[in-house]
file start_14.cif (mmCIF, C-alpha atoms and all ligand atoms)
data_query
loop_
_atom_site.label_atom_id
_atom_site.label_comp_id
_atom_site.auth_asym_id
_atom_site.auth_seq_id
_atom_site.Cartn_x
_atom_site.Cartn_y
_atom_site.Cartn_z
CA MET A 65 29.33 -42.01 -78.88
CA GLY A 66 31.95 -40.35 -76.62
CA ILE A 67 32.33 -36.64 -75.92
CA PHE A 68 35.21 -36.37 -78.41
CA ASP A 69 33.01 -37.69 -81.27
CA ARG A 70 29.98 -35.64 -80.25
CA VAL A 71 31.53 -32.28 -79.37
CA ALA A 72 35.20 -31.90 -80.19
CA ARG A 73 35.22 -33.56 -83.61
CA PRO A 74 32.53 -31.37 -85.26
CA ALA A 75 34.15 -28.23 -83.75
CA ILE A 76 37.60 -29.14 -85.04
CA LEU A 77 36.20 -30.00 -88.48
CA ALA A 78 34.40 -26.63 -88.59
CA ALA A 79 37.80 -25.03 -87.86
CA SER A 80 39.24 -26.81 -90.89
CA ARG A 81 37.07 -24.54 -93.07
CA SER A 82 37.97 -21.26 -91.27
CA GLN A 83 40.19 -18.93 -93.30
CA ARG A 84 41.00 -16.87 -90.18
CA LEU A 85 42.21 -19.85 -88.13
CA ARG A 86 44.09 -21.10 -91.13
CA ALA A 87 45.99 -17.80 -91.48
CA THR A 88 46.83 -17.82 -87.76
CA ALA A 89 47.96 -21.46 -87.72
CA GLU A 90 50.13 -21.00 -90.80
CA ARG A 91 52.01 -18.15 -89.06
CA LEU A 92 52.88 -20.14 -85.94
CA PRO A 93 56.33 -21.75 -86.20
CA VAL A 94 55.27 -24.38 -83.68
CA THR A 95 52.44 -25.60 -85.94
CA ARG A 96 54.92 -26.31 -88.70
CA ARG A 97 56.88 -28.58 -86.37
CA VAL A 98 53.75 -30.58 -85.53
CA VAL A 99 52.58 -30.59 -89.14
CA ASP A 100 55.83 -32.25 -90.18
CA ARG A 101 54.61 -35.38 -88.45
CA PHE A 102 51.82 -35.74 -91.03
CA VAL A 103 53.17 -33.96 -94.12
CA ALA A 104 56.22 -34.98 -96.17
CA GLY A 105 57.65 -31.49 -96.79
CA GLU A 106 56.67 -28.72 -99.15
CA THR A 107 58.55 -29.42 -102.39
CA VAL A 108 58.72 -32.15 -105.07
CA PRO A 109 62.30 -33.17 -104.06
CA GLU A 110 61.16 -33.61 -100.44
CA ALA A 111 58.19 -35.76 -101.54
CA LEU A 112 60.51 -37.84 -103.78
CA ASP A 113 62.92 -38.40 -100.86
CA VAL A 114 60.12 -39.71 -98.64
CA THR A 115 58.91 -41.87 -101.54
CA ALA A 116 62.37 -43.42 -101.99
CA THR A 117 62.59 -44.21 -98.25
CA LEU A 118 59.14 -45.83 -98.21
CA ARG A 119 59.89 -47.81 -101.38
CA SER A 120 63.13 -49.11 -99.87
CA SER A 121 61.09 -50.57 -96.99
CA GLY A 122 58.88 -52.50 -99.45
CA ARG A 123 55.91 -50.11 -99.36
CA MET A 124 54.15 -48.46 -102.29
CA VAL A 125 53.06 -44.81 -102.29
CA THR A 126 50.32 -42.48 -103.38
CA ILE A 127 51.36 -38.82 -103.37
CA ASP A 128 48.96 -35.96 -102.81
CA TYR A 129 49.81 -32.35 -103.64
CA LEU A 130 48.02 -30.54 -100.83
CA GLY A 131 45.30 -28.04 -101.69
CA GLU A 132 41.51 -27.94 -101.74
CA ASP A 133 38.55 -25.62 -102.29
CA THR A 134 40.37 -23.66 -104.98
CA THR A 135 38.67 -20.34 -105.73
CA SER A 136 40.48 -19.27 -108.90
CA LYS A 137 41.28 -20.79 -112.27
CA GLU A 138 44.93 -19.72 -111.82
CA ASP A 139 45.24 -21.74 -108.59
CA ALA A 140 43.74 -24.78 -110.34
CA ASP A 141 46.26 -24.35 -113.20
CA HIS A 142 49.04 -24.11 -110.64
CA THR A 143 47.91 -27.42 -109.10
CA VAL A 144 48.01 -29.12 -112.52
CA GLU A 145 51.56 -27.83 -113.07
CA ALA A 146 52.62 -29.12 -109.64
CA TYR A 147 51.26 -32.60 -110.48
CA LEU A 148 53.00 -32.62 -113.86
CA ALA A 149 56.31 -31.68 -112.17
CA LEU A 150 55.76 -34.46 -109.61
CA LEU A 151 54.98 -37.02 -112.35
CA ASP A 152 58.12 -35.97 -114.19
CA GLY A 153 60.10 -36.69 -111.03
CA LEU A 154 58.42 -40.09 -110.57
CA LYS A 155 58.76 -41.42 -114.12
CA ASP A 156 62.33 -42.71 -113.71
CA THR A 157 61.38 -44.97 -110.83
CA ALA A 158 57.99 -46.13 -112.16
CA ASP A 159 57.70 -49.77 -113.16
CA GLY A 160 55.02 -51.57 -115.18
CA SER A 161 54.04 -54.22 -112.62
CA LYS A 162 50.43 -55.35 -112.51
CA VAL A 163 50.05 -53.38 -109.29
CA ARG A 164 51.71 -50.03 -109.95
CA PRO A 165 53.88 -49.07 -106.97
CA LEU A 166 53.57 -45.34 -107.66
CA GLU A 167 50.32 -43.42 -107.65
CA VAL A 168 49.15 -39.82 -107.23
CA SER A 169 45.96 -38.79 -105.42
CA LEU A 170 43.91 -35.79 -106.53
CA LYS A 171 41.25 -33.60 -104.97
CA LEU A 172 38.89 -32.31 -107.66
CA SER A 173 38.17 -29.21 -105.54
CA ALA A 174 41.84 -28.29 -105.99
CA LEU A 175 41.36 -28.59 -109.76
CA GLY A 176 38.50 -26.09 -109.94
CA GLN A 177 35.40 -28.25 -109.27
CA ALA A 178 33.73 -25.52 -107.15
CA LEU A 179 34.44 -22.60 -109.47
CA PRO A 180 31.15 -20.79 -110.14
CA ARG A 181 31.38 -20.97 -113.91
CA ASP A 182 32.01 -24.37 -115.54
CA GLY A 183 33.70 -25.73 -112.39
CA GLU A 184 32.91 -29.36 -113.18
CA LYS A 185 34.10 -29.04 -116.78
CA ILE A 186 37.33 -27.31 -115.69
CA ALA A 187 38.04 -30.00 -113.06
CA LEU A 188 37.39 -32.74 -115.64
CA GLU A 189 39.81 -31.16 -118.14
CA ASN A 190 42.47 -30.64 -115.46
CA ALA A 191 42.11 -34.19 -114.15
CA HIS A 192 42.32 -35.44 -117.76
CA THR A 193 45.64 -33.59 -118.24
CA ILE A 194 47.03 -35.17 -115.06
CA CYS A 195 45.78 -38.67 -116.03
CA ALA A 196 47.45 -38.35 -119.44
CA GLY A 197 50.71 -37.31 -117.73
CA ALA A 198 50.40 -40.21 -115.28
CA ARG A 199 49.82 -42.72 -118.10
CA ASP A 200 53.00 -41.48 -119.82
CA ALA A 201 54.94 -41.75 -116.55
CA GLY A 202 53.64 -45.25 -115.71
CA VAL A 203 51.90 -43.99 -112.57
CA TRP A 204 48.33 -44.63 -111.38
CA VAL A 205 45.83 -41.95 -110.25
CA THR A 206 43.12 -42.09 -107.57
CA VAL A 207 40.54 -39.33 -107.03
CA ASP A 208 39.96 -38.43 -103.36
CA ALA A 209 36.49 -38.08 -101.83
CA GLU A 210 35.54 -34.73 -100.27
CA ASP A 211 32.35 -33.59 -98.54
CA HIS A 212 29.07 -35.23 -99.59
CA THR A 213 27.84 -32.25 -101.63
CA THR A 214 30.60 -33.06 -104.15
CA THR A 215 30.08 -36.84 -104.42
CA ASP A 216 27.72 -36.88 -107.43
CA SER A 217 29.91 -34.49 -109.39
CA THR A 218 33.12 -36.35 -108.45
CA LEU A 219 31.77 -39.78 -109.40
CA SER A 220 30.43 -38.44 -112.67
CA ILE A 221 33.89 -37.04 -113.55
CA VAL A 222 35.48 -40.36 -112.56
CA ARG A 223 33.05 -42.36 -114.77
CA ASP A 224 33.87 -40.05 -117.65
CA LEU A 225 37.65 -40.36 -117.21
CA ARG A 226 37.49 -44.12 -116.76
CA THR A 227 36.26 -44.54 -120.35
CA GLU A 228 39.80 -43.52 -121.41
CA PHE A 229 41.87 -44.39 -118.28
CA ASP A 230 40.40 -47.65 -117.00
CA TRP A 231 43.05 -47.86 -114.25
CA LEU A 232 41.76 -44.65 -112.64
CA GLY A 233 40.59 -45.28 -109.07
CA THR A 234 38.40 -43.33 -106.71
CA VAL A 235 37.67 -43.09 -103.00
CA LEU A 236 34.34 -44.10 -101.46
CA GLN A 237 33.49 -43.15 -97.86
CA ALA A 238 31.83 -45.87 -95.73
CA TYR A 239 30.13 -43.32 -93.45
CA LEU A 240 27.85 -42.22 -96.32
CA LYS A 241 24.59 -44.17 -96.55
CA ARG A 242 24.78 -44.14 -100.35
CA THR A 243 28.16 -45.90 -100.45
CA ARG A 244 26.94 -49.52 -100.56
CA ALA A 245 25.25 -48.76 -103.87
CA ASP A 246 28.31 -46.89 -105.16
CA CYS A 247 30.53 -49.86 -104.17
CA ALA A 248 28.22 -52.23 -106.07
CA GLU A 249 28.35 -50.03 -109.19
CA PHE A 250 32.12 -49.55 -109.24
CA ALA A 251 32.88 -53.16 -108.21
CA ALA A 252 30.78 -54.37 -111.17
CA ALA A 253 32.68 -52.00 -113.47
CA GLY A 254 36.02 -53.49 -112.30
CA ALA A 255 37.31 -50.25 -110.80
CA ARG A 256 40.06 -49.67 -108.26
CA ILE A 257 38.26 -48.41 -105.15
CA ARG A 258 39.90 -46.96 -102.06
CA LEU A 259 37.46 -47.53 -99.24
CA CYS A 260 37.86 -45.21 -96.23
CA LYS A 261 35.60 -44.33 -93.29
CA GLY A 262 35.29 -40.63 -94.26
CA ALA A 263 36.86 -37.55 -92.69
CA TYR A 264 34.29 -34.72 -92.98
CA ASP A 265 31.54 -33.64 -90.58
CA GLU A 266 28.44 -34.93 -92.38
CA PRO A 267 24.76 -34.63 -91.31
CA ALA A 268 22.84 -37.67 -90.04
CA SER A 269 20.52 -37.36 -93.06
CA VAL A 270 23.29 -38.67 -95.34
CA ALA A 271 25.86 -40.31 -93.06
CA TYR A 272 26.23 -42.71 -90.12
CA ARG A 273 27.61 -40.73 -87.21
CA ASP A 274 28.07 -43.45 -84.64
CA PRO A 275 31.63 -44.93 -84.87
CA ASP A 276 30.36 -48.53 -84.56
CA GLU A 277 27.82 -47.99 -87.34
CA VAL A 278 30.59 -46.57 -89.53
CA THR A 279 32.75 -49.65 -88.92
CA ASP A 280 29.80 -51.95 -89.72
CA SER A 281 29.13 -50.05 -92.93
CA TYR A 282 32.84 -50.24 -93.81
CA LEU A 283 32.87 -54.04 -93.41
CA THR A 284 29.69 -54.41 -95.49
CA CYS A 285 31.11 -52.21 -98.26
CA LEU A 286 34.44 -54.05 -98.17
CA ARG A 287 32.65 -57.36 -98.66
CA ILE A 288 30.88 -55.93 -101.75
CA LEU A 289 34.25 -54.79 -103.16
CA MET A 290 35.98 -58.10 -102.38
CA ALA A 291 33.13 -60.01 -104.05
CA GLY A 292 33.25 -57.79 -107.14
CA ARG A 293 35.47 -57.54 -110.22
CA GLY A 294 37.53 -54.54 -109.15
CA TYR A 295 40.61 -53.91 -107.02
CA PRO A 296 39.80 -53.05 -103.38
CA MET A 297 42.14 -50.67 -101.56
CA VAL A 298 41.57 -51.04 -97.81
CA ALA A 299 42.35 -47.54 -96.49
CA SER A 300 42.12 -47.79 -92.71
CA HIS A 301 44.26 -47.92 -89.58
CA ASP A 302 41.49 -49.61 -87.59
CA PRO A 303 42.69 -52.96 -86.15
CA GLU A 304 39.16 -54.43 -86.42
CA ILE A 305 39.03 -53.71 -90.15
CA ILE A 306 42.59 -54.87 -90.84
CA ALA A 307 41.91 -58.13 -88.97
CA ALA A 308 38.86 -58.81 -91.15
CA VAL A 309 40.77 -58.58 -94.45
CA PRO A 310 42.61 -61.97 -94.70
CA SER A 311 39.46 -64.08 -94.28
CA LEU A 312 37.48 -61.91 -96.72
CA ALA A 313 40.31 -62.19 -99.26
CA ARG A 314 40.37 -65.99 -98.83
CA GLU A 315 36.60 -66.21 -99.14
CA TYR A 316 36.67 -64.41 -102.50
CA ASN A 317 39.87 -66.10 -103.77
CA ARG A 318 41.92 -62.94 -103.81
CA GLY A 319 45.70 -63.32 -103.83
CA VAL A 320 48.18 -60.61 -102.77
CA ASP A 321 47.98 -58.91 -106.18
CA ASP A 322 44.19 -58.58 -105.98
CA PHE A 323 43.84 -55.99 -103.17
CA GLU A 324 45.99 -53.69 -101.08
CA TYR A 325 46.16 -52.04 -97.67
CA GLN A 326 46.57 -48.28 -97.43
CA MET A 327 47.48 -45.99 -94.53
CA LEU A 328 48.46 -42.37 -94.06
CA TYR A 329 52.07 -41.20 -93.87
CA ASN A 330 53.51 -41.68 -90.36
CA ILE A 331 50.32 -43.16 -88.92
CA ARG A 332 50.75 -46.70 -87.52
CA ASP A 333 54.10 -46.98 -89.28
CA GLY A 334 54.94 -50.22 -87.43
CA GLU A 335 51.68 -51.81 -88.62
CA GLN A 336 52.41 -50.70 -92.19
CA ARG A 337 55.80 -52.43 -92.02
CA ARG A 338 54.34 -55.56 -90.42
CA LEU A 339 51.78 -55.94 -93.23
CA ALA A 340 54.39 -55.27 -95.94
CA ASP A 341 56.91 -57.68 -94.37
CA ALA A 342 54.19 -60.35 -94.40
CA GLY A 343 54.09 -60.05 -98.21
CA ASN A 344 51.05 -57.79 -98.63
CA HIS A 345 50.83 -54.74 -100.85
CA VAL A 346 50.80 -51.69 -98.57
CA ARG A 347 50.48 -48.18 -99.99
CA VAL A 348 51.24 -45.06 -97.97
CA TYR A 349 49.37 -41.81 -98.65
CA VAL A 350 52.07 -39.13 -98.73
CA PRO A 351 50.82 -35.52 -98.69
CA PHE A 352 53.21 -32.67 -99.50
CA GLY A 353 52.97 -28.98 -100.38
CA TYR A 354 52.28 -25.62 -98.79
CA GLU A 355 48.53 -25.92 -98.23
CA TRP A 356 48.61 -28.33 -95.32
CA TYR A 357 45.97 -26.72 -93.09
CA GLY A 358 42.80 -28.65 -94.10
CA TYR A 359 44.59 -32.02 -94.18
CA PHE A 360 46.29 -31.37 -90.84
CA VAL A 361 43.11 -30.32 -89.02
CA ARG A 362 41.22 -33.42 -90.29
CA ARG A 363 44.00 -35.58 -88.75
CA LEU A 364 43.58 -33.74 -85.42
CA ALA A 365 39.84 -34.45 -85.53
CA GLU A 366 40.40 -38.20 -85.97
CA ARG A 367 42.05 -38.87 -82.67
CA PRO A 368 42.07 -37.20 -79.24
CA ALA A 369 45.79 -38.07 -78.89
CA ASN A 370 46.66 -36.02 -81.99
CA LEU A 371 44.90 -32.99 -80.57
CA THR A 372 46.69 -33.46 -77.24
CA PHE A 373 50.03 -33.72 -79.08
CA PHE A 374 49.30 -30.44 -80.87
CA LEU A 375 48.11 -28.62 -77.73
CA ARG A 376 51.14 -29.82 -75.78
CA ALA A 377 53.45 -28.46 -78.49
CA LEU A 378 51.64 -25.12 -78.28
CA ALA A 379 51.98 -25.06 -74.48
CA GLU A 380 55.69 -25.94 -74.60
CA ARG A 381 56.24 -22.90 -76.73
CA ARG A 382 55.53 -20.60 -73.79
P1 LIG B 1 39.70 -44.87 -86.91
O1 LIG B 1 39.60 -43.40 -87.05
O2 LIG B 1 38.65 -45.59 -86.14
O3 LIG B 1 41.13 -45.21 -86.29
C1 LIG B 1 41.49 -46.50 -85.84
C2 LIG B 1 42.86 -46.39 -85.20
O4 LIG B 1 43.82 -45.97 -86.15
C3 LIG B 1 42.96 -45.38 -84.08
O5 LIG B 1 42.57 -45.90 -82.85
C4 LIG B 1 44.42 -45.03 -84.12
O6 LIG B 1 45.20 -46.01 -83.51
C5 LIG B 1 44.73 -45.04 -85.59
N1 LIG B 1 44.51 -43.72 -86.22
C6 LIG B 1 43.50 -43.36 -87.02
N2 LIG B 1 43.61 -42.08 -87.44
C7 LIG B 1 44.73 -41.62 -86.85
C8 LIG B 1 45.38 -40.37 -86.88
N3 LIG B 1 44.90 -39.33 -87.58
N4 LIG B 1 46.50 -40.24 -86.18
C9 LIG B 1 47.02 -41.27 -85.45
N5 LIG B 1 46.43 -42.49 -85.38
C10 LIG B 1 45.31 -42.66 -86.07
N6 LIG B 1 38.88 -39.55 -96.02
C11 LIG B 1 38.06 -38.89 -96.85
O7 LIG B 1 36.99 -38.38 -96.43
N7 LIG B 1 38.37 -38.78 -98.19
C12 LIG B 1 39.48 -39.34 -98.70
O8 LIG B 1 39.73 -39.21 -99.92
C13 LIG B 1 40.37 -40.04 -97.83
N8 LIG B 1 41.50 -40.63 -98.30
C14 LIG B 1 42.21 -41.46 -97.47
C15 LIG B 1 43.27 -42.20 -97.98
C16 LIG B 1 43.94 -43.10 -97.18
C17 LIG B 1 45.05 -43.92 -97.76
C18 LIG B 1 43.56 -43.27 -95.81
C19 LIG B 1 44.23 -44.26 -94.91
C20 LIG B 1 42.53 -42.50 -95.29
C21 LIG B 1 41.86 -41.59 -96.09
N9 LIG B 1 40.84 -40.80 -95.58
C22 LIG B 1 40.03 -40.12 -96.47
C23 LIG B 1 40.64 -40.67 -94.11
C24 LIG B 1 39.65 -41.64 -93.57
O9 LIG B 1 38.36 -41.32 -94.03
C25 LIG B 1 39.62 -41.64 -92.03
O10 LIG B 1 39.29 -40.37 -91.55
C26 LIG B 1 40.94 -42.06 -91.39
O11 LIG B 1 41.58 -43.07 -92.11
C27 LIG B 1 40.68 -42.59 -89.96
O12 LIG B 1 39.84 -43.72 -90.00
P2 LIG B 1 40.36 -45.23 -89.73
O13 LIG B 1 39.69 -46.13 -90.67
O14 LIG B 1 41.84 -45.24 -89.77
O15 LIG B 1 39.78 -45.62 -88.30
#
call {"tool": "encode", "arguments": {"input": "start_14.cif", "output": "structure tokens"}}
result
Amino acid sequence: MGIFDRVARPAILAASRSQRLRATAERLPVTRRVVDRFVAGETVPEALDVTATLRSSGRMVTIDYLGEDTTSKEDADHTVEAYLALLDGLKDTADGSKVRPLEVSLKLSALGQALPRDGEKIALENAHTICAGARDAGVWVTVDAEDHTTTDSTLSIVRDLRTEFDWLGTVLQAYLKRTRADCAEFAAAGARIRLCKGAYDEPASVAYRDPDEVTDSYLTCLRILMAGRGYPMVASHDPEIIAAVPSLAREYNRGVDDFEYQMLYNIRDGEQRRLADAGNHVRVYVPFGYEWYGYFVRRLAERPANLTFFLRALAERR
């Protein structure tokens, strides 16, 4: 493991949870300029504009209204309203293809999951309201994965919702040691699963911390999903993982409609286009909204070059 993975990454991820740093960063005009590289604006019309541009290049989208770790019921209600407004804006362009081109992604912590009283029940009800709105709009929903202390609660909410919305997908993180078993369960149930490496700073007791071990775990989990009955969503920018997909798909007789690639907005855009131009389904994760801090800092932690880009922008300000 390099010095970035051992030292810088955990420190940056700790900063993602700091309210003080968040307040400072949000006040700096220069941060906003750098944030725009990763975030598609603050409002629904801005998110819809980016969606239209991506769709016109043959890519599909999943849109995330930024926000996490909500501490009040009012904020959770506000998040539900924002999703309903977004779904209203999407419904005119939704189509009923087997693979839905439009999707929204949700963080249950933004819907009240961590509230001290009845958090899980509140998040379930809020997610249910959004799923019902998405069904009416012809849009899919996928539930994001957050830190490992939330995984049991999140998967239990997803199981519950899937009894009514069988198209509901969820994210599983390959760095968690438990994920092989979770992949086997959800693949057997025929679920849509977005497999990612994982973006939080997790202890060695529950997660692989060495980057090569994470990639190995990813490839093992992907094989389980490809062999199963569900719909694998390969969420990675890693060339080694992307190169492994065609032969796995062939091995398990999966055609283009039976899996998809996913990448984050503005990350490896050329590779996204290459895969889409080759006839694959490619979905872009498009975050928008005011609460960009946590998402932005996790992107800095993923790659030394992103941190350098940010620090250079800060230095140029002087
Ligand atoms: P890796 O980090 O090894 O990167 C491989 C290469 O990709 C890099 O060398 C670089 O070229 C490029 N790259 C990767 N990240 C980059 C970045 N930030 N900026 C520029 N280039 C970059 N995580 C989570 O815990 N819960 C979740 O719900 C989700 N959801 C999610 C959805 C989607 C659609 C994606 C693509 C990812 C997530 N993630 C996530 C994030 C995920 O866990 C992981 O942190 C990142 O995808 C980076 O891992 P890679 O697999 O891309 O490989």
call {"tool": "closest_residue", "arguments": {"input": "start_14.cif", "among": "A:Ala187, A:Ala89, A:Ile306, A:Leu148", "to": "Val108 in chain A", "atoms": "all atoms listed in the file"}}
result
A:Leu148
call {"tool": "residues_near_ligand", "arguments": {"input": "start_14.cif", "ligand": "ligand LIG 1 (chain B)", "cutoff": "8 Å", "atoms": "all atoms listed in the file", "output": "MDAnalysis selection string"}}
result
chainID A and resid 126 171 207:211 235:237 258:264 275 279 298:303 305 326:328 331:332 347:349 362:367 369:370
call {"tool": "residues_near_point", "arguments": {"input": "start_14.cif", "point": "(51.4, -35.8, -86.8)", "cutoff": "8 Å", "atoms": "all atoms listed in the file", "output": "number ranges by chain"}}
result
A: 98-103, 330-331, 360, 363, 370
call {"tool": "residues_around", "arguments": {"input": "start_14.cif", "residues": "Thr213 in chain A", "least_positions_apart": "3", "cutoff": "12 Å", "atoms": "only C-alpha atoms", "output": "short mmCIF file (atom, residue, chain, number, x, y, z; two decimals) with C-alpha atoms, in the frame of the given file"}}
result
data_model
loop_
_atom_site.label_atom_id
_atom_site.label_comp_id
_atom_site.auth_asym_id
_atom_site.auth_seq_id
_atom_site.Cartn_x
_atom_site.Cartn_y
_atom_site.Cartn_z
CA SER A 173 38.17 -29.21 -105.54
CA GLN A 177 35.40 -28.25 -109.27
CA ALA A 178 33.73 -25.52 -107.15
CA ALA A 209 36.49 -38.08 -101.83
CA GLU A 210 35.54 -34.73 -100.27
CA ASP A 216 27.72 -36.88 -107.43
CA SER A 217 29.91 -34.49 -109.39
CA THR A 218 33.12 -36.35 -108.45
CA LEU A 219 31.77 -39.78 -109.40
CA LEU A 240 27.85 -42.22 -96.32
CA TYR A 264 34.29 -34.72 -92.98
CA ASP A 265 31.54 -33.64 -90.58
CA GLU A 266 28.44 -34.93 -92.38
CA PRO A 267 24.76 -34.63 -91.31
CA VAL A 270 23.29 -38.67 -95.34
CA ALA A 271 25.86 -40.31 -93.06
#
call {"tool": "residues_around", "arguments": {"input": "start_14.cif", "residues": "Pro296 in chain A", "least_positions_apart": "3", "cutoff": "9 Å", "atoms": "all atoms listed in the file", "output": "PyMOL selection string"}}
result
chain A and resi 251+255-259+286+289-290+292+322-325
call {"tool": "atom_distance", "arguments": {"input": "start_14.cif", "atom1": "CA of Asn344 in chain A", "atom2": "CA of Val203 in chain A"}}
result
19.6 Å
call {"tool": "residues_around", "arguments": {"input": "start_14.cif", "residues": "Arg119 in chain A", "least_positions_apart": "4", "cutoff": "10 Å", "atoms": "all atoms listed in the file", "output": "JSON, numbers by chain"}}
result
{"A": [113, 114, 115, 123, 124, 125, 157, 165, 166, 347, 348]}
call {"tool": "write_last_selection", "arguments": {"input": "start_14.cif", "atoms": "C-alpha atoms", "output": "mmCIF file, in the coordinates of the input"}}
result
data_model
loop_
_atom_site.group_PDB
_atom_site.id
_atom_site.type_symbol
_atom_site.label_atom_id
_atom_site.label_comp_id
_atom_site.auth_asym_id
_atom_site.auth_seq_id
_atom_site.Cartn_x
_atom_site.Cartn_y
_atom_site.Cartn_z
ATOM 1 C CA ASP A 113 62.920 -38.400 -100.860
ATOM 2 C CA VAL A 114 60.120 -39.710 -98.640
ATOM 3 C CA THR A 115 58.910 -41.870 -101.540
ATOM 4 C CA ARG A 123 55.910 -50.110 -99.360
ATOM 5 C CA MET A 124 54.150 -48.460 -102.290
ATOM 6 C CA VAL A 125 53.060 -44.810 -102.290
ATOM 7 C CA THR A 157 61.380 -44.970 -110.830
ATOM 8 C CA PRO A 165 53.880 -49.070 -106.970
ATOM 9 C CA LEU A 166 53.570 -45.340 -107.660
ATOM 10 C CA ARG A 347 50.480 -48.180 -99.990
ATOM 11 C CA VAL A 348 51.240 -45.060 -97.970
#
call {"tool": "closest_residue", "arguments": {"input": "start_14.cif", "among": "A:Ala174, A:Arg273, A:Trp204, A:Leu375", "to": "Ser161 in chain A", "atoms": "only C-alpha atoms"}}
result
A:Trp204
call {"tool": "closest_residue", "arguments": {"input": "start_14.cif", "among": "A:Leu151, A:Thr193, A:Arg199, A:Lys137", "to": "Pro180 in chain A", "atoms": "only C-alpha atoms"}}
result
A:Lys137
call {"tool": "residues_near_point", "arguments": {"input": "start_14.cif", "point": "(25.2, -43.7, -97.6)", "cutoff": "10 Å", "atoms": "all atoms listed in the file", "output": "list in words"}}
result
His212, Leu236, Gln237, Ala238, Tyr239, Leu240, Lys241, Arg242, Thr243, Arg244, Ala245, Asp246, Ala268, Ser269, Val270, Ala271, Tyr272 and Ser281 of chain A
call {"tool": "atom_distance", "arguments": {"input": "start_14.cif", "atom1": "CA of Thr227 in chain A", "atom2": "CA of Arg181 in chain A"}}
result
24.9 Å
call {"tool": "closest_residue", "arguments": {"input": "start_14.cif", "among": "A:Tyr357, A:Gly122, A:Val144, A:Leu150", "to": "Gly343 in chain A", "atoms": "all atoms listed in the file"}}
result
A:Gly122
call {"tool": "atom_distance", "arguments": {"input": "start_14.cif", "atom1": "CA of Arg314 in chain A", "atom2": "CA of Arg293 in chain A"}}
result
15.0 Å
call {"tool": "closest_residue", "arguments": {"input": "start_14.cif", "among": "A:Asp128, A:Leu179, A:Ala72, A:Leu154", "to": "Ala116 in chain A", "atoms": "only C-alpha atoms"}}
result
A:Leu154
call {"tool": "closest_residue", "arguments": {"input": "start_14.cif", "among": "A:Thr372, A:Ser121, A:Thr215, A:Thr135", "to": "Phe68 in chain A", "atoms": "all atoms listed in the file"}}
result
A:Thr372
